[in-house]
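The structure file protein07.cif is reproduced below (mmCIF, C-alpha atoms and all ligand atoms).
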```
data_start
#
loop_
_atom_site.label_atom_id
_atom_site.label_comp_id
_atom_site.auth_asym_id
_atom_site.auth_seq_id
_atom_site.Cartn_x
_atom_site.Cartn_y
_atom_site.Cartn_z
CA MET A 1 19.36 23.55 20.48
CA THR A 2 17.59 20.54 21.90
CA HIS A 3 16.66 17.45 19.98
CA GLU A 4 13.40 16.25 21.42
CA GLN A 5 12.50 12.61 21.08
CA PRO A 6 8.88 11.98 20.10
CA LYS A 7 6.70 10.83 22.98
CA PRO A 8 6.27 7.04 23.06
CA LEU A 9 2.86 5.70 22.13
CA PRO A 10 1.28 4.28 25.30
CA SER A 11 0.92 0.92 23.50
CA SER A 12 4.73 0.63 23.18
CA ALA A 13 5.84 2.66 26.20
CA GLY A 14 8.13 0.89 28.65
CA THR A 15 9.21 -1.85 26.23
CA ALA A 16 12.87 -2.48 25.32
CA TYR A 17 14.46 -5.01 22.98
CA THR A 18 17.88 -5.79 21.61
CA ILE A 19 17.66 -7.47 18.21
CA ARG A 20 20.62 -9.54 17.07
CA ALA A 21 20.63 -9.50 13.26
CA GLY A 22 22.68 -12.08 11.38
CA ARG A 23 22.45 -9.94 8.28
CA LEU A 24 21.09 -6.39 8.38
CA ILE A 25 19.94 -5.23 4.96
CA ASP A 26 19.89 -1.65 3.75
CA PRO A 27 17.56 -1.70 0.72
CA GLU A 28 18.45 1.88 -0.19
CA THR A 29 22.05 0.95 -1.07
CA GLY A 30 21.42 -2.75 -1.75
CA THR A 31 24.03 -3.72 0.82
CA ALA A 32 24.12 -5.73 4.05
CA ARG A 33 26.21 -5.81 7.21
CA THR A 34 26.62 -8.97 9.24
CA ASN A 35 26.25 -9.42 12.99
CA GLN A 36 24.53 -6.19 13.87
CA LEU A 37 22.58 -5.20 16.95
CA ILE A 38 19.50 -2.99 16.99
CA SER A 39 18.17 -1.54 20.20
CA VAL A 40 14.52 -0.63 20.39
CA LYS A 41 12.89 1.30 23.21
CA ASP A 42 9.40 2.72 23.65
CA GLY A 43 8.49 1.65 20.12
CA ARG A 44 11.41 3.36 18.41
CA ILE A 45 14.85 2.44 17.13
CA VAL A 46 17.50 3.86 19.44
CA GLU A 47 20.81 2.63 18.10
CA ILE A 48 22.27 0.28 15.48
CA GLY A 49 25.79 -1.15 15.46
CA ALA A 50 28.14 -4.10 15.87
CA THR A 51 28.30 -3.15 19.52
CA LEU A 52 25.98 -0.85 21.43
CA THR A 53 25.08 0.47 24.83
CA PRO A 54 22.74 -2.13 26.36
CA LEU A 55 19.35 -0.78 27.36
CA GLU A 56 18.19 -1.52 30.87
CA GLY A 57 15.86 -4.50 31.01
CA ALA A 58 15.99 -5.08 27.26
CA GLU A 59 14.79 -8.46 26.06
CA MET A 60 17.15 -10.14 23.55
CA ILE A 61 15.63 -11.26 20.25
CA ASP A 62 17.98 -13.60 18.45
CA LEU A 63 17.68 -13.30 14.66
CA SER A 64 21.29 -14.26 14.05
CA ASN A 65 20.30 -16.89 11.45
CA LEU A 66 18.11 -14.49 9.51
CA SER A 67 18.16 -11.47 7.21
CA VAL A 68 16.70 -8.44 8.98
CA LEU A 69 15.20 -5.63 6.96
CA PRO A 70 12.63 -2.83 7.01
CA GLY A 71 8.97 -3.66 6.38
CA LEU A 72 7.43 -4.04 2.93
CA VAL A 73 4.82 -1.81 1.29
CA ASP A 74 1.86 -2.72 -0.90
CA ALA A 75 1.18 0.64 -2.53
CA HIS A 76 -2.22 -0.26 -3.98
CA ASP A 77 -4.76 -2.54 -2.42
CA HIS A 78 -8.25 -2.44 -0.91
CA LEU A 79 -8.40 -4.22 2.44
CA ALA A 80 -12.09 -3.52 2.99
CA ILE A 81 -13.35 -5.42 -0.02
CA THR A 82 -13.06 -9.08 -0.90
CA TYR A 83 -14.77 -10.16 -4.05
CA LYS A 84 -15.16 -13.81 -4.78
CA LYS A 85 -15.86 -16.28 -7.52
CA PHE A 86 -18.94 -17.49 -5.66
CA PRO A 87 -21.56 -16.16 -5.60
CA GLU A 88 -20.67 -12.95 -7.46
CA SER A 89 -18.37 -14.18 -10.28
CA ASN A 90 -15.75 -11.68 -9.11
CA VAL A 91 -17.96 -8.73 -10.05
CA PHE A 92 -17.33 -6.30 -7.20
CA TYR A 93 -20.52 -4.35 -7.87
CA TYR A 94 -22.35 -7.38 -6.43
CA THR A 95 -19.93 -7.63 -3.52
CA TYR A 96 -20.84 -4.04 -2.72
CA ILE A 97 -24.54 -4.90 -2.74
CA GLN A 98 -23.98 -7.92 -0.48
CA ASP A 99 -21.42 -6.81 2.08
CA SER A 100 -22.20 -4.03 4.55
CA THR A 101 -19.56 -1.49 5.51
CA ALA A 102 -19.53 -3.16 8.94
CA ILE A 103 -18.59 -6.63 7.64
CA ARG A 104 -16.10 -5.05 5.26
CA ALA A 105 -14.41 -3.22 8.14
CA ILE A 106 -14.02 -6.53 9.94
CA GLN A 107 -12.62 -8.13 6.77
CA ALA A 108 -10.16 -5.23 6.64
CA VAL A 109 -8.91 -6.03 10.15
CA SER A 110 -8.30 -9.63 9.14
CA ASN A 111 -6.71 -8.71 5.81
CA GLY A 112 -4.48 -6.19 7.59
CA MET A 113 -3.21 -8.85 9.98
CA GLN A 114 -2.64 -11.29 7.11
CA LEU A 115 -0.59 -8.64 5.30
CA LEU A 116 1.38 -7.73 8.42
CA SER A 117 2.18 -11.39 8.94
CA ALA A 118 3.56 -11.47 5.37
CA GLY A 119 5.91 -8.58 6.25
CA PHE A 120 3.85 -5.67 4.90
CA THR A 121 4.12 -2.92 7.52
CA VAL A 122 2.65 -0.22 5.26
CA GLU A 123 -0.48 -0.44 3.13
CA ARG A 124 -1.66 2.31 0.81
CA ASP A 125 -5.40 1.67 0.75
CA CYS A 126 -6.97 3.03 -2.40
CA GLY A 127 -10.69 3.22 -1.60
CA ASN A 128 -13.58 0.84 -2.31
CA ALA A 129 -14.18 0.58 1.41
CA GLY A 130 -17.89 1.33 1.69
CA LEU A 131 -18.62 4.17 4.07
CA TYR A 132 -15.03 4.82 5.20
CA ALA A 133 -14.12 1.35 6.48
CA ASP A 134 -10.57 2.30 5.42
CA THR A 135 -10.54 5.18 7.89
CA ALA A 136 -12.03 2.91 10.57
CA LEU A 137 -9.22 0.41 10.01
CA ARG A 138 -6.51 3.06 10.20
CA VAL A 139 -8.02 4.64 13.32
CA ALA A 140 -8.47 1.27 15.06
CA ILE A 141 -4.79 0.48 14.44
CA GLU A 142 -3.54 3.94 15.43
CA GLN A 143 -5.70 4.14 18.56
CA GLY A 144 -4.29 0.79 19.65
CA TRP A 145 -7.23 -1.64 19.40
CA ILE A 146 -5.71 -4.05 16.90
CA PRO A 147 -2.44 -4.86 15.10
CA GLY A 148 -2.05 -3.94 11.45
CA PRO A 149 0.13 -2.21 8.90
CA THR A 150 0.40 1.58 8.87
CA ILE A 151 -2.56 2.52 6.71
CA ILE A 152 -2.39 5.39 4.23
CA ASN A 153 -5.99 5.59 3.05
CA SER A 154 -7.83 7.47 0.35
CA GLY A 155 -11.36 7.57 1.71
CA ILE A 156 -14.05 7.33 -0.97
CA ILE A 157 -12.86 7.29 -4.58
CA ILE A 158 -13.95 10.48 -6.37
CA GLY A 159 -15.12 10.32 -9.98
CA GLY A 160 -17.51 11.67 -12.56
CA THR A 161 -21.14 10.52 -12.19
CA GLY A 162 -21.35 6.77 -11.59
CA GLY A 163 -17.79 6.23 -10.40
CA GLN A 164 -16.67 2.86 -11.68
CA PHE A 165 -20.17 1.41 -11.74
CA ASN A 166 -22.60 0.97 -14.62
CA PRO A 167 -25.83 1.10 -12.64
CA THR A 168 -29.36 1.09 -13.97
CA PRO A 169 -31.16 4.45 -13.93
CA GLU A 170 -33.46 3.04 -11.23
CA MET A 171 -30.55 2.14 -8.95
CA ALA A 172 -28.60 5.31 -9.67
CA LYS A 173 -31.36 7.91 -9.57
CA GLU A 174 -33.91 6.36 -7.21
CA HIS A 175 -31.55 4.58 -4.83
CA ASN A 176 -28.37 6.64 -5.13
CA ILE A 177 -26.44 3.37 -5.54
CA THR A 178 -23.08 4.89 -6.45
CA TYR A 179 -22.59 6.34 -2.97
CA PRO A 180 -20.78 5.48 -0.74
CA GLU A 181 -18.61 3.30 -2.97
CA TYR A 182 -17.87 6.37 -5.12
CA LEU A 183 -18.25 10.09 -4.60
CA ASP A 184 -19.61 11.89 -7.68
CA ALA A 185 -17.86 15.15 -8.54
CA ASP A 186 -18.57 16.62 -11.96
CA THR A 187 -18.10 20.35 -11.48
CA PRO A 188 -15.35 22.47 -9.87
CA ASP A 189 -17.55 23.10 -6.81
CA GLU A 190 -18.26 19.40 -6.45
CA ILE A 191 -14.56 18.59 -6.79
CA ILE A 192 -13.68 20.92 -3.92
CA LYS A 193 -16.53 19.60 -1.76
CA ALA A 194 -15.62 15.97 -2.44
CA VAL A 195 -11.97 16.50 -1.49
CA ARG A 196 -13.01 18.26 1.70
CA GLN A 197 -15.51 15.54 2.63
CA ASN A 198 -12.78 12.90 2.32
CA VAL A 199 -10.32 14.93 4.35
CA LEU A 200 -12.95 15.49 7.05
CA PHE A 201 -13.55 11.75 7.27
CA GLY A 202 -9.93 10.73 7.53
CA ALA A 203 -8.41 10.38 4.05
CA LYS A 204 -4.62 10.64 3.86
CA PHE A 205 -4.53 11.02 0.09
CA ILE A 206 -7.08 11.62 -2.65
CA LYS A 207 -7.94 8.97 -5.22
CA ILE A 208 -9.77 9.87 -8.42
CA MET A 209 -11.16 7.97 -11.40
CA VAL A 210 -9.55 9.83 -14.30
CA ASP A 211 -11.13 8.21 -17.32
CA SER A 212 -13.29 5.18 -16.56
CA LYS A 213 -16.31 6.91 -18.11
CA PRO A 214 -16.80 8.59 -21.52
CA TYR A 215 -16.58 11.93 -19.68
CA PRO A 216 -13.03 11.87 -18.33
CA TYR A 217 -11.56 14.57 -16.13
CA THR A 218 -9.88 17.43 -17.97
CA VAL A 219 -6.42 18.75 -17.19
CA ASP A 220 -8.06 21.71 -15.42
CA ASP A 221 -10.27 19.39 -13.33
CA MET A 222 -7.20 17.47 -12.20
CA ARG A 223 -5.23 20.64 -11.49
CA LEU A 224 -8.09 21.64 -9.19
CA PHE A 225 -7.91 18.28 -7.38
CA VAL A 226 -4.16 18.69 -6.96
CA LYS A 227 -4.55 22.24 -5.66
CA GLU A 228 -7.38 21.44 -3.25
CA ALA A 229 -5.62 18.33 -1.89
CA ALA A 230 -2.42 20.33 -1.41
CA ASN A 231 -4.44 22.95 0.45
CA ALA A 232 -5.72 20.25 2.81
CA GLY A 233 -2.44 19.55 4.57
CA GLY A 234 -0.40 18.73 1.49
CA LEU A 235 -2.27 15.59 0.44
CA LYS A 236 -1.34 13.95 -2.84
CA VAL A 237 -3.64 12.89 -5.68
CA ALA A 238 -3.60 9.39 -7.14
CA GLY A 239 -5.34 8.81 -10.45
CA HIS A 240 -6.89 5.56 -11.66
CA VAL A 241 -6.02 5.68 -15.37
CA GLU A 242 -7.24 3.41 -18.18
CA THR A 243 -6.46 5.29 -21.40
CA GLU A 244 -3.44 6.94 -22.98
CA GLU A 245 -5.36 10.21 -23.21
CA GLY A 246 -6.15 9.95 -19.49
CA ALA A 247 -2.48 9.29 -18.72
CA ARG A 248 -1.41 12.25 -20.86
CA ARG A 249 -3.86 14.57 -19.10
CA ALA A 250 -2.90 13.30 -15.63
CA ILE A 251 0.78 13.81 -16.39
CA GLU A 252 0.15 17.32 -17.67
CA ALA A 253 -1.89 18.17 -14.57
CA GLY A 254 1.02 17.06 -12.37
CA ILE A 255 -0.78 14.27 -10.56
CA TRP A 256 1.23 12.37 -7.87
CA SER A 257 0.71 8.86 -9.19
CA ILE A 258 -0.85 6.89 -12.01
CA GLU A 259 -2.61 3.82 -10.62
CA HIS A 260 -2.63 0.67 -12.80
CA ASP A 261 -0.64 -0.08 -15.93
CA ILE A 262 -3.69 -0.38 -18.22
CA ALA A 263 -2.51 2.59 -20.32
CA LEU A 264 1.17 1.73 -19.86
CA ILE A 265 1.56 -1.78 -21.20
CA GLU A 266 3.35 -2.62 -24.44
CA HIS A 267 1.26 -3.57 -27.45
CA GLU A 268 0.94 -2.55 -31.07
CA ASN A 269 0.31 1.18 -31.52
CA ALA A 270 0.86 1.88 -27.82
CA HIS A 271 2.70 5.04 -26.80
CA THR A 272 4.04 3.46 -23.64
CA ASP A 273 7.65 4.51 -24.16
CA GLU A 274 6.68 8.13 -24.76
CA LEU A 275 4.37 8.21 -21.71
CA HIS A 276 7.01 6.62 -19.50
CA LYS A 277 9.56 9.23 -20.61
CA LEU A 278 7.09 12.01 -19.70
CA MET A 279 6.44 10.38 -16.30
CA ALA A 280 10.17 10.05 -15.60
CA GLU A 281 10.73 13.68 -16.55
CA LYS A 282 7.95 14.92 -14.26
CA GLY A 283 8.67 12.46 -11.44
CA ILE A 284 5.21 10.87 -11.55
CA TRP A 285 4.83 7.54 -9.76
CA ARG A 286 3.85 4.42 -11.66
CA VAL A 287 1.73 2.28 -9.34
CA GLY A 288 1.20 -0.45 -11.91
CA THR A 289 -0.64 -3.23 -10.00
CA GLU A 290 0.94 -5.82 -12.31
CA THR A 291 -1.18 -8.94 -11.87
CA PRO A 292 0.99 -12.04 -12.23
CA LEU A 293 0.23 -15.02 -14.39
CA THR A 294 -1.15 -17.65 -12.04
CA GLU A 295 -3.58 -20.50 -12.17
CA TYR A 296 -6.12 -18.47 -10.21
CA GLY A 297 -5.36 -15.36 -12.31
CA VAL A 298 -6.41 -17.20 -15.45
CA SER A 299 -9.79 -17.94 -13.97
CA PHE A 300 -10.28 -14.24 -13.18
CA TYR A 301 -9.27 -12.76 -16.50
CA GLY A 302 -10.12 -15.41 -19.09
CA GLY A 303 -8.01 -17.06 -21.75
CA VAL A 304 -5.92 -14.06 -22.78
CA ALA A 305 -3.86 -14.25 -19.62
CA GLN A 306 -0.53 -15.18 -21.24
CA ALA A 307 -0.65 -12.46 -23.91
CA GLU A 308 -1.89 -9.90 -21.41
CA PHE A 309 0.83 -10.85 -18.97
CA ASP A 310 3.55 -10.57 -21.63
CA SER A 311 2.42 -7.03 -22.58
CA ARG A 312 2.30 -6.06 -18.94
CA VAL A 313 5.81 -7.38 -18.29
CA LYS A 314 7.11 -5.49 -21.33
CA GLY A 315 5.49 -2.32 -20.00
CA LEU A 316 7.09 -2.84 -16.61
CA LYS A 317 10.47 -3.40 -18.22
CA ASN A 318 10.10 -0.28 -20.33
CA ALA A 319 9.24 1.79 -17.24
CA TYR A 320 12.29 0.42 -15.44
CA GLU A 321 14.58 1.18 -18.39
CA ASN A 322 13.22 4.72 -18.57
CA GLY A 323 13.89 5.32 -14.87
CA VAL A 324 10.22 5.84 -13.99
CA LYS A 325 9.56 5.90 -10.25
CA MET A 326 7.77 2.63 -9.49
CA ALA A 327 6.02 1.06 -6.52
CA PHE A 328 5.15 -2.54 -5.70
CA SER A 329 1.37 -2.60 -5.86
CA THR A 330 -1.22 -5.29 -6.31
CA ASP A 331 -4.91 -4.39 -6.31
CA ALA A 332 -5.26 -7.90 -4.82
CA ASP A 333 -8.75 -7.49 -3.42
CA TYR A 334 -10.16 -10.92 -4.15
CA TYR A 335 -10.42 -14.24 -2.40
CA VAL A 336 -8.22 -17.08 -3.56
CA PRO A 337 -9.14 -20.25 -1.65
CA ASP A 338 -6.30 -21.66 0.46
CA MET A 339 -4.30 -18.44 0.29
CA THR A 340 -4.08 -15.55 2.75
CA ARG A 341 -4.28 -11.99 1.48
CA GLY A 342 -0.56 -11.76 2.30
CA GLN A 343 0.25 -14.77 0.13
CA VAL A 344 -1.78 -13.40 -2.79
CA VAL A 345 0.04 -10.07 -2.48
CA ILE A 346 3.59 -11.46 -2.25
CA ASN A 347 2.90 -13.62 -5.31
CA PHE A 348 3.10 -10.41 -7.39
CA LEU A 349 6.89 -10.93 -7.18
CA LYS A 350 6.32 -13.12 -10.25
CA SER A 351 5.64 -10.08 -12.44
CA TRP A 352 8.74 -8.20 -11.26
CA LYS A 353 10.94 -11.23 -11.76
CA ALA A 354 9.50 -11.82 -15.24
CA ALA A 355 10.53 -8.25 -16.16
CA GLY A 356 14.13 -9.18 -15.34
CA ILE A 357 14.48 -6.55 -12.64
CA PRO A 358 17.32 -7.47 -10.25
CA ALA A 359 16.43 -8.63 -6.72
CA LYS A 360 18.16 -5.62 -5.13
CA GLU A 361 16.05 -3.24 -7.19
CA ILE A 362 12.82 -5.09 -6.47
CA LEU A 363 13.61 -4.91 -2.75
CA LYS A 364 14.26 -1.18 -2.97
CA ILE A 365 10.98 -0.71 -4.86
CA MET A 366 9.09 -2.73 -2.19
CA THR A 367 10.53 -0.69 0.68
CA ILE A 368 12.11 2.71 -0.06
CA ASN A 369 9.86 3.51 -3.04
CA GLY A 370 6.85 2.32 -1.05
CA TYR A 371 7.60 4.78 1.77
CA LYS A 372 8.10 7.53 -0.79
CA VAL A 373 4.91 6.95 -2.78
CA SER A 374 3.04 6.76 0.55
CA ASP A 375 4.66 10.10 1.42
CA ILE A 376 6.02 8.86 4.76
CA TYR A 377 9.70 8.46 3.87
CA ASP A 378 10.86 11.07 6.40
CA LYS A 379 8.78 9.51 9.22
CA ARG A 380 8.67 5.75 8.96
CA GLY A 381 10.11 2.74 7.22
CA LEU A 382 13.90 2.86 7.39
CA ILE A 383 15.76 1.05 10.15
CA LYS A 384 17.19 4.27 11.48
CA ALA A 385 17.65 5.77 14.95
CA GLY A 386 14.57 7.74 15.99
CA PHE A 387 12.21 5.97 13.57
CA PRO A 388 9.33 3.68 14.65
CA ALA A 389 10.63 0.12 14.94
CA ASP A 390 9.02 -1.62 11.97
CA ILE A 391 11.34 -4.55 11.34
CA ILE A 392 10.96 -7.90 9.62
CA ALA A 393 13.19 -10.94 9.20
CA VAL A 394 13.34 -13.65 6.55
CA LYS A 395 15.29 -16.81 5.87
CA GLY A 396 17.85 -16.50 3.06
CA ASN A 397 19.08 -13.33 1.43
CA PRO A 398 16.53 -11.24 -0.50
CA LEU A 399 19.31 -9.14 -2.07
CA GLU A 400 20.17 -12.24 -4.09
CA ASP A 401 16.93 -14.19 -4.12
CA ILE A 402 13.82 -12.01 -3.88
CA ASP A 403 11.65 -15.07 -3.19
CA ALA A 404 13.20 -15.10 0.29
CA LEU A 405 10.48 -12.52 1.05
CA ARG A 406 7.92 -15.31 0.83
CA THR A 407 9.06 -16.65 4.19
CA VAL A 408 8.71 -13.86 6.72
CA VAL A 409 9.32 -15.39 10.15
CA PHE A 410 9.57 -12.29 12.33
CA VAL A 411 7.62 -9.02 12.34
CA MET A 412 7.97 -6.08 14.72
CA LYS A 413 5.54 -3.18 14.34
CA ASP A 414 5.90 0.05 16.30
CA GLY A 415 8.41 -1.69 18.54
CA LEU A 416 6.12 -4.60 19.50
CA VAL A 417 6.59 -8.18 18.35
CA PHE A 418 3.73 -9.30 16.08
CA LYS A 419 5.28 -12.48 14.70
CA ARG A 420 7.97 -14.66 16.15
CA ASP A 421 9.39 -17.99 14.90
CA GLY A 422 6.82 -17.87 12.10
CA VAL A 423 3.83 -17.59 14.45
CA MET A 424 1.60 -14.55 14.99
CA VAL A 425 1.65 -13.33 18.60
CA PRO A 426 -0.73 -10.34 18.55
CA GLU A 427 -1.48 -10.15 22.27
CA LYS A 428 0.49 -6.96 23.02
CA PHE A 429 -1.45 -5.11 20.30
CA LEU A 430 -4.88 -5.79 21.75
CA HIS A 431 -6.39 -3.33 24.20
CA GLY A 432 -9.81 -2.88 25.79
CA GLY A 433 -9.87 0.81 24.91
CA PRO A 434 -8.20 3.44 22.71
CA VAL A 435 -4.89 3.18 24.58
CA ASN A 436 -3.10 5.59 22.24
CA GLY A 437 -5.84 8.21 22.45
CA TRP A 438 -9.51 8.46 21.53
CA SER A 439 -8.89 11.70 19.66
CA ILE A 440 -6.87 10.02 16.89
CA ARG A 441 -8.98 10.42 13.75
ZN ZN A 501 -7.56 -0.72 -7.06
#
```

Can you dump the structure from the file as structure tokens?
Amino acid sequence: MTHEQPKPLPSSAGTAYTIRAGRLIDPETGTARTNQLISVKDGRIVEIGATLTPLEGAEMIDLSNLSVLPGLVDAHDHLAITYKKFPESNVFYYTYIQDSTAIRAIQAVSNGMQLLSAGFTVERDCGNAGLYADTALRVAIEQGWIPGPTIINSGIIIGGTGGQFNPTPEMAKEHNITYPEYLDADTPDEIIKAVRQNVLFGAKFIKIMVDSKPYPYTVDDMRLFVKEAANAGGLKVAGHVETEEGARRAIEAGIWSIEHDIALIEHENAHTDELHKLMAEKGIWRVGTETPLTEYGVSFYGGVAQAEFDSRVKGLKNAYENGVKMAFSTDADYYVPDMTRGQVVINFLKSWKAAGIPAKEILKIMTINGYKVSDIYDKRGLIKAGFPADIIAVKGNPLEDIDALRTVVFVMKDGLVFKRDGVMVPEKFLHGGPVNGWSIR
């Protein structure tokens, strides 16, 4: 039996590094080993150990004063939309009217680099990307034009008529305004067609609006989504859920993940504990997008921020206590002046800390759980021989102080150095053509 190594991507081929890690963290076990070496060749991890066989011509990267760990995952964001206070008062319907798919694709490139610089090597992009700017971003990264996180994208969000919009009849019926921000699918035939359209145009999972309209999807509708997505190469279905009834139906239909905690926060008369127990039993992911309490958050959501935040934190705590599978996720698709997208995203640590979840667990949720909810755990993420070399380094020890993740000073992606000594160095990622192959779609 032969064990064939995957062929190196042309963008990383011929490169070799030896990384000296002061502290090498394994988020799966919540442990660390000191003074470890990692050898990286042709974009992949070759060997890890206190001593190792030196690779010919390998460049030494000295991270002996740092904690070295696998890359982080934001399991819910939208890189190809940026709504703003001015001029649209953070109403993304107006952003959609103003910003073309083309400008949104370029925003996505910038947002992707800002996230990568903050240590996020995987981004699960949940739609709201115009006419497939999410696919364009993923393809541009995979073909080798630009640096960016590994993108797991949903294509266009599928929902009942109107998607998440409340358009006028004129705009909806005469100008077909809902598309391409949302893909209407009201009947079984339309559900199958919508899934297939997204798969054809590069979606890696399917995102649906379960119950944002008074005509929510039924259990049978969602079973059909799950079946059709599974038929298309085993894709998973993520459901945007706003109501307890929607959550109940999604759980019964065996959906992969519930996006947002709107139906899963603690307040009077809520059935959060019961729903969390059902999710834990069925192994359904909670991708809660728990917005932290911040100065800029208050301006987005009005004066109820403190009470809303407290309920959200209680919901998060309840999910943790019930052993629900959880992912770090943000939905941070807005502009906060003086902050990068990466800084806005990492600030969601506030919510996890407020729930009293230990640093080790938060780190596991931000890495291991992120790879799992993105359905790439067997291919990418871990610092493990044979895996793509996605490696970050921070000052301090995130196993003890999770805020150490706010200072990412080194990032390697696919075996190439993207950030070094706290400065982005993207040159090796930029190519004048599709170096990894034009046929990547
Ligand atoms: Zn979202």

Just the residues within 9 Å of A:His267, please, counting all atoms listed in the file, with nothing from its chain fewer than 2 positions along; format it as a PDB file with C-alpha atoms, in the frame of the given file.
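For reference, part16.pdb as written:
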```pdb
ATOM      1  CA  ILE A 265       1.560  -1.780 -21.200  1.00  0.00           C
ATOM      2  CA  ASN A 269       0.310   1.180 -31.520  1.00  0.00           C
ATOM      3  CA  ALA A 270       0.860   1.880 -27.820  1.00  0.00           C
ATOM      4  CA  HIS A 271       2.700   5.040 -26.800  1.00  0.00           C
ATOM      5  CA  THR A 272       4.040   3.460 -23.640  1.00  0.00           C
ATOM      6  CA  SER A 311       2.420  -7.030 -22.580  1.00  0.00           C
ATOM      7  CA  ARG A 312       2.300  -6.060 -18.940  1.00  0.00           C
ATOM      8  CA  LYS A 314       7.110  -5.490 -21.330  1.00  0.00           C
ATOM      9  CA  GLY A 315       5.490  -2.320 -20.000  1.00  0.00           C
TER      10      GLY A 315
END
```

Residue nearest ligand ZN 501 (chain A) among A:Gln114, A:Gln143, A:Ser329, A:Thr218 (counting all atoms listed in the file): A:Ser329

Step by step, measure atom-to-atom distances between ligand ZN 501 (chain A) and each residue using all atoms listed in the file, keep those at most 9 Å, then write them as a PDB file with C-alpha atoms, keeping the file's coordinate frame.
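Final output, saved to pocket_16.pdb:
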```pdb
ATOM      1  CA  HIS A  76      -2.220  -0.260  -3.980  1.00  0.00           C
ATOM      2  CA  ASP A  77      -4.760  -2.540  -2.420  1.00  0.00           C
ATOM      3  CA  HIS A  78      -8.250  -2.440  -0.910  1.00  0.00           C
ATOM      4  CA  ASP A 125      -5.400   1.670   0.750  1.00  0.00           C
ATOM      5  CA  CYS A 126      -6.970   3.030  -2.400  1.00  0.00           C
ATOM      6  CA  GLY A 127     -10.690   3.220  -1.600  1.00  0.00           C
ATOM      7  CA  ASN A 128     -13.580   0.840  -2.310  1.00  0.00           C
ATOM      8  CA  HIS A 240      -6.890   5.560 -11.660  1.00  0.00           C
ATOM      9  CA  GLU A 259      -2.610   3.820 -10.620  1.00  0.00           C
ATOM     10  CA  HIS A 260      -2.630   0.670 -12.800  1.00  0.00           C
ATOM     11  CA  THR A 289      -0.640  -3.230 -10.000  1.00  0.00           C
ATOM     12  CA  THR A 330      -1.220  -5.290  -6.310  1.00  0.00           C
ATOM     13  CA  ASP A 331      -4.910  -4.390  -6.310  1.00  0.00           C
ATOM     14  CA  ALA A 332      -5.260  -7.900  -4.820  1.00  0.00           C
ATOM     15  CA  ASP A 333      -8.750  -7.490  -3.420  1.00  0.00           C
TER      16      ASP A 333
END
```

Please build the interface table for stretch 239-325 of chain A against stretch 337-347 of chain A with a cut-off of 12 Å, listing for each qualifying residue the nearest atom pair and the distance in Å to one decimal; count all atoms listed in the file, order rows by chain and increasing number, and write it as CSV.
```
residue,atom,partner,partner_atom,distance
A:Thr289,CA,A:Val345,CA,10.2
A:Glu290,CA,A:Asn347,CA,10.7
A:Thr291,CA,A:Asn347,CA,9.0
A:Pro292,CA,A:Asn347,CA,7.4
A:Leu293,CA,A:Asn347,CA,9.6
A:Thr294,CA,A:Asn347,CA,8.8
A:Glu295,CA,A:Asn347,CA,11.7
A:Tyr296,CA,A:Pro337,CA,9.2
A:Gly297,CA,A:Val344,CA,10.4
```

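Reported to one decimal place, the separation of atom CA of A:Arg20 from atom CA of A:Ser64 is 5.6 Å.
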
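For the pair atom CA of A:Phe429 and atom CA of A:Ala105, the interatomic distance is 17.9 Å.
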
Nearby residues (all atoms listed in the file) at most 9 Å from A:Asp26, same-chain spacing under 2 positions excluded, as number ranges by chain: A: 24, 28-33, 69-70, 364, 382-383

Residues near A:Leu55, cut-off 9 Å, only C-alpha atoms, skip fewer than 3 positions along chain, as a compact mmCIF listing (two decimals) with C-alpha atoms, in the frame of the given file:
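The result, stored in part-v9.txt:
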```txt
# COMPACT_ATOMS: atom_id res chain seq x y z
CA ALA A 16 12.87 -2.48 25.32
CA TYR A 17 14.46 -5.01 22.98
CA THR A 18 17.88 -5.79 21.61
CA SER A 39 18.17 -1.54 20.20
CA VAL A 40 14.52 -0.63 20.39
CA LYS A 41 12.89 1.30 23.21
CA LEU A 52 25.98 -0.85 21.43
CA ALA A 58 15.99 -5.08 27.26
```

For stretch 147-151 of chain A, what centre and edge lengths in Å (one decimal) does the axis-aligned box get once 3 Å is added on each side of all its listed atoms, as lines of an AutoDock Vina configuration file?
```
center_x = -1.1
center_y = -1.2
center_z = 10.9
size_x = 9.0
size_y = 13.4
size_z = 14.4
```

Can you pull out every residue within 10 Å of A:Pro188, counting all atoms listed in the file, but drop anything in the same chain fewer than 5 positions away, and send it as a compact mmCIF listing (two decimals) with C-alpha atoms, keeping the file's coordinate frame?
```txt
# COMPACT_ATOMS: atom_id res chain seq x y z
CA LYS A 193 -16.53 19.60 -1.76
CA ALA A 194 -15.62 15.97 -2.44
CA ASP A 220 -8.06 21.71 -15.42
CA ASP A 221 -10.27 19.39 -13.33
CA MET A 222 -7.20 17.47 -12.20
CA LEU A 224 -8.09 21.64 -9.19
CA PHE A 225 -7.91 18.28 -7.38
```

Provide the atom CA of A:Phe387 to atom CA of A:Glu427 distance in Å, to one decimal place. 22.9 Å

Using only C-alpha atoms, which of A:Ile206, A:Ile141, A:Ile61, A:Ala50 sits nearest A:Lys413? A:Ile141

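Considering all atoms listed in the file, the residue among A:His175, A:Asp184, A:Gly144, A:Ser67 positioned nearest to A:Lys428 is A:Gly144.
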
Using 10 Å as the limit and counting only C-alpha atoms, can you tabulate each residue of stretch 315-368 of chain A that touches stretch 402-411 of chain A, with its shortest atom-to-atom distance in Å and the two atoms involved, as CSV?
```
residue,atom,partner,partner_atom,distance
A:Gly342,CA,A:Arg406,CA,9.3
A:Gln343,CA,A:Arg406,CA,7.7
A:Ile346,CA,A:Arg406,CA,6.6
A:Asn347,CA,A:Arg406,CA,8.1
A:Leu349,CA,A:Asp403,CA,7.5
A:Lys350,CA,A:Asp403,CA,9.1
A:Trp352,CA,A:Ile402,CA,9.7
A:Lys353,CA,A:Ile402,CA,8.4
A:Pro358,CA,A:Ile402,CA,8.6
A:Ala359,CA,A:Ile402,CA,5.1
A:Lys360,CA,A:Ile402,CA,7.8
A:Glu361,CA,A:Ile402,CA,9.6
A:Ile362,CA,A:Ile402,CA,7.5
A:Leu363,CA,A:Ile402,CA,7.2
```
